[in-house]
Amino acid sequence: MFKKIALFTALTLASSISFAMPCNKPTNKWYAGVDGQYAFFKNSTNRWGASVLGGYRWDCTALELGLTGYSNQNTPLYETDSRSNVYLDGNYFHNLAGNLELRAAAGVGYLSTKHSTYPNTSSKLGGRVGAGLQYNFTKNVNSSLMYRYQFFKRGTPNVQTVALSVAYAF
């Protein structure tokens with residue numbers, strides 16, 4: 001519960017500061033990228049993952065679509081389960097200093113789990129929030145370090161991820 005309150009407070013503070021300050025890095029570009037991440041699944045085994053992502057950035061806001069695959073996990077019953085997540089996030093960017101930007105995100109994700117020994121596949125739609133930093137190496141190349149929290153109604157474990165991404169804008 002404390003983590004949720006702390007994250008909500010941080011995002012609220014970041015949002016209020018960001019909206020009070022003008023965006024001084026106008027950018028209107030498509031972008032595509034990849035990330036590597038570590039996912040903490042509540043009541044389950046943590047996993048490594050990788051995403052392919054793309055979107056469009058309008059000045060200080062962006063809309064991003066991504067597909068994440070997580071490493072397979074062998075369970076005590078000698079079955080394997082694999083997880084994937086499709087997400088759509090809205091992002092807000094605020095210039096902190098030079099090429100460094102604060103990045104806040106909110107959106108939805110569709111987490112799917114497939115089991116190898118029986119035909120059960122569970123899929124759930126959940127909300128997502130996140131915050132992090134983005135560094136713009138050039139006008140076209142950037143890298144982000146993000147924390148995201150994806151939450152669901154009962155029956156599906158919540159997911160926390162830490163991701164490092166690289167993207168190219170064109």
# chains A, B, ... in the order shown; residues from 1 in each chain; ligands from 1

$ residues_around --residues "range 125-128 of chain A" --least-positions-apart "3" --cutoff "8 Å" --atoms "only C-alpha atoms" --output "JSON, numbers by chain"
{"A": [89, 105, 106, 107, 108, 109, 110, 111, 148, 149, 150, 151, 152, 153]}

$ residues_around --residues "Asn140 in chain A" --least-positions-apart "5" --cutoff "7 Å" --atoms "only C-alpha atoms" --output "mmCIF file with N, CA and C atoms, in the first residue's frame"
data_model
loop_
_atom_site.group_PDB
_atom_site.id
_atom_site.type_symbol
_atom_site.label_atom_id
_atom_site.label_comp_id
_atom_site.auth_asym_id
_atom_site.auth_seq_id
_atom_site.Cartn_x
_atom_site.Cartn_y
_atom_site.Cartn_z
ATOM 1 N N TYR A 168 14.813 5.711 -31.382
ATOM 2 C CA TYR A 168 15.231 6.564 -32.494
ATOM 3 C C TYR A 168 14.008 7.287 -33.028
ATOM 4 N N ALA A 169 14.084 8.601 -33.132
ATOM 5 C CA ALA A 169 12.989 9.421 -33.667
ATOM 6 C C ALA A 169 13.284 9.772 -35.125
ATOM 7 N N PHE A 170 12.230 9.746 -35.950
ATOM 8 C CA PHE A 170 12.411 10.056 -37.364
ATOM 9 C C PHE A 170 11.293 10.929 -37.867
#

$ select_by_dssp --residues "range 37-133 of chain A" --states "strand (DSSP E or B)" --output "JSON, numbers by chain"
{"A": [37, 38, 39, 40, 41, 47, 48, 49, 50, 51, 52, 53, 54, 55, 56, 57, 58, 61, 62, 63, 64, 65, 66, 67, 68, 69, 70, 73, 74, 80, 81, 82, 83, 84, 85, 86, 87, 88, 89, 90, 91, 92, 93, 94, 95, 96, 97, 100, 101, 102, 103, 104, 105, 106, 107, 108, 109, 110, 111, 112, 113, 114, 115, 121, 122, 123, 124, 125, 126, 127, 128, 129, 130, 131, 132, 133]}

$ residues_around --residues "Leu100 in chain A" --least-positions-apart "6" --cutoff "8 Å" --atoms "only C-alpha atoms" --output "list in words"
Leu133, Gln134, Tyr135 and Asn136 of chain A

$ write_last_selection --atoms "N, CA and C atoms" --output "short mmCIF file (atom, residue, chain, number, x, y, z; two decimals), in the first residue's frame"
data_model
loop_
_atom_site.label_atom_id
_atom_site.label_comp_id
_atom_site.auth_asym_id
_atom_site.auth_seq_id
_atom_site.Cartn_x
_atom_site.Cartn_y
_atom_site.Cartn_z
N LEU A 133 13.29 8.98 -16.15
CA LEU A 133 14.10 10.02 -16.76
C LEU A 133 14.44 9.62 -18.18
N GLN A 134 14.53 10.62 -19.05
CA GLN A 134 14.93 10.39 -20.44
C GLN A 134 16.07 11.33 -20.77
N TYR A 135 17.10 10.80 -21.40
CA TYR A 135 18.22 11.62 -21.85
C TYR A 135 18.25 11.60 -23.37
N ASN A 136 18.27 12.79 -23.98
CA ASN A 136 18.30 12.94 -25.43
C ASN A 136 19.74 13.15 -25.87
#

$ residues_around --residues "Gly132 in chain A" --least-positions-apart "2" --cutoff "6 Å" --atoms "only C-alpha atoms" --output "list of chain:residue names"
A:Arg103, A:Leu145, A:Met146

$ residues_around --residues "Val52 in chain A" --least-positions-apart "5" --cutoff "6 Å" --atoms "only C-alpha atoms" --output "list of chain:residue names"
A:Val34, A:Gly66, A:Leu67

$ write_last_selection --atoms "C-alpha atoms" --output "short mmCIF file (atom, residue, chain, number, x, y, z; two decimals), in the first residue's frame"
data_model
loop_
_atom_site.label_atom_id
_atom_site.label_comp_id
_atom_site.auth_asym_id
_atom_site.auth_seq_id
_atom_site.Cartn_x
_atom_site.Cartn_y
_atom_site.Cartn_z
CA VAL A 34 13.52 -1.38 -27.69
CA GLY A 66 4.50 -1.58 -27.06
CA LEU A 67 4.77 -5.36 -26.90
#

$ residues_around --residues "Leu63 in chain A" --least-positions-apart "5" --cutoff "9 Å" --atoms "only C-alpha atoms" --output "list in words"
Gly54, Gly55, Tyr56, Arg57, Trp58, Leu88, Asp89, Gly90 and Asn91 of chain A

$ decode --residues "range 151-164 of chain A" --atoms "N, CA and C atoms" --output "mmCIF file, in the first residue's frame"
data_model
loop_
_atom_site.group_PDB
_atom_site.id
_atom_site.type_symbol
_atom_site.label_atom_id
_atom_site.label_comp_id
_atom_site.auth_asym_id
_atom_site.auth_seq_id
_atom_site.Cartn_x
_atom_site.Cartn_y
_atom_site.Cartn_z
ATOM 1 N N PHE A 151 -1.502 -2.604 -12.641
ATOM 2 C CA PHE A 151 -2.392 -3.162 -11.621
ATOM 3 C C PHE A 151 -3.656 -3.717 -12.264
ATOM 4 N N PHE A 152 -4.205 -4.730 -11.600
ATOM 5 C CA PHE A 152 -5.370 -5.444 -12.102
ATOM 6 C C PHE A 152 -6.379 -5.628 -10.978
ATOM 7 N N LYS A 153 -7.580 -6.040 -11.375
ATOM 8 C CA LYS A 153 -8.541 -6.474 -10.364
ATOM 9 C C LYS A 153 -8.091 -7.829 -9.841
ATOM 10 N N ARG A 154 -8.829 -8.409 -8.967
ATOM 11 C CA ARG A 154 -8.467 -9.691 -8.345
ATOM 12 C C ARG A 154 -8.144 -10.781 -9.361
ATOM 13 N N GLY A 155 -7.266 -11.685 -8.946
ATOM 14 C CA GLY A 155 -6.978 -12.867 -9.756
ATOM 15 C C GLY A 155 -5.739 -12.783 -10.609
ATOM 16 N N THR A 156 -5.199 -11.604 -10.825
ATOM 17 C CA THR A 156 -3.999 -11.454 -11.635
ATOM 18 C C THR A 156 -2.963 -10.685 -10.822
ATOM 19 N N PRO A 157 -1.717 -11.165 -10.803
ATOM 20 C CA PRO A 157 -0.702 -10.459 -10.006
ATOM 21 C C PRO A 157 -0.351 -9.098 -10.607
ATOM 22 N N ASN A 158 -0.205 -8.109 -9.737
ATOM 23 C CA ASN A 158 0.263 -6.798 -10.182
ATOM 24 C C ASN A 158 1.716 -6.929 -10.607
ATOM 25 N N VAL A 159 2.148 -6.036 -11.486
ATOM 26 C CA VAL A 159 3.488 -6.112 -12.045
ATOM 27 C C VAL A 159 4.199 -4.773 -11.856
ATOM 28 N N GLN A 160 5.422 -4.827 -11.348
ATOM 29 C CA GLN A 160 6.276 -3.651 -11.284
ATOM 30 C C GLN A 160 7.475 -3.913 -12.183
ATOM 31 N N THR A 161 7.839 -2.940 -13.002
ATOM 32 C CA THR A 161 8.978 -3.124 -13.898
ATOM 33 C C THR A 161 9.948 -1.948 -13.793
ATOM 34 N N VAL A 162 11.203 -2.257 -14.015
ATOM 35 C CA VAL A 162 12.239 -1.253 -14.185
ATOM 36 C C VAL A 162 12.829 -1.518 -15.562
ATOM 37 N N ALA A 163 12.808 -0.506 -16.430
ATOM 38 C CA ALA A 163 13.209 -0.710 -17.820
ATOM 39 C C ALA A 163 14.213 0.343 -18.276
ATOM 40 N N LEU A 164 15.144 -0.080 -19.109
ATOM 41 C CA LEU A 164 16.095 0.808 -19.767
ATOM 42 C C LEU A 164 15.851 0.690 -21.265
#
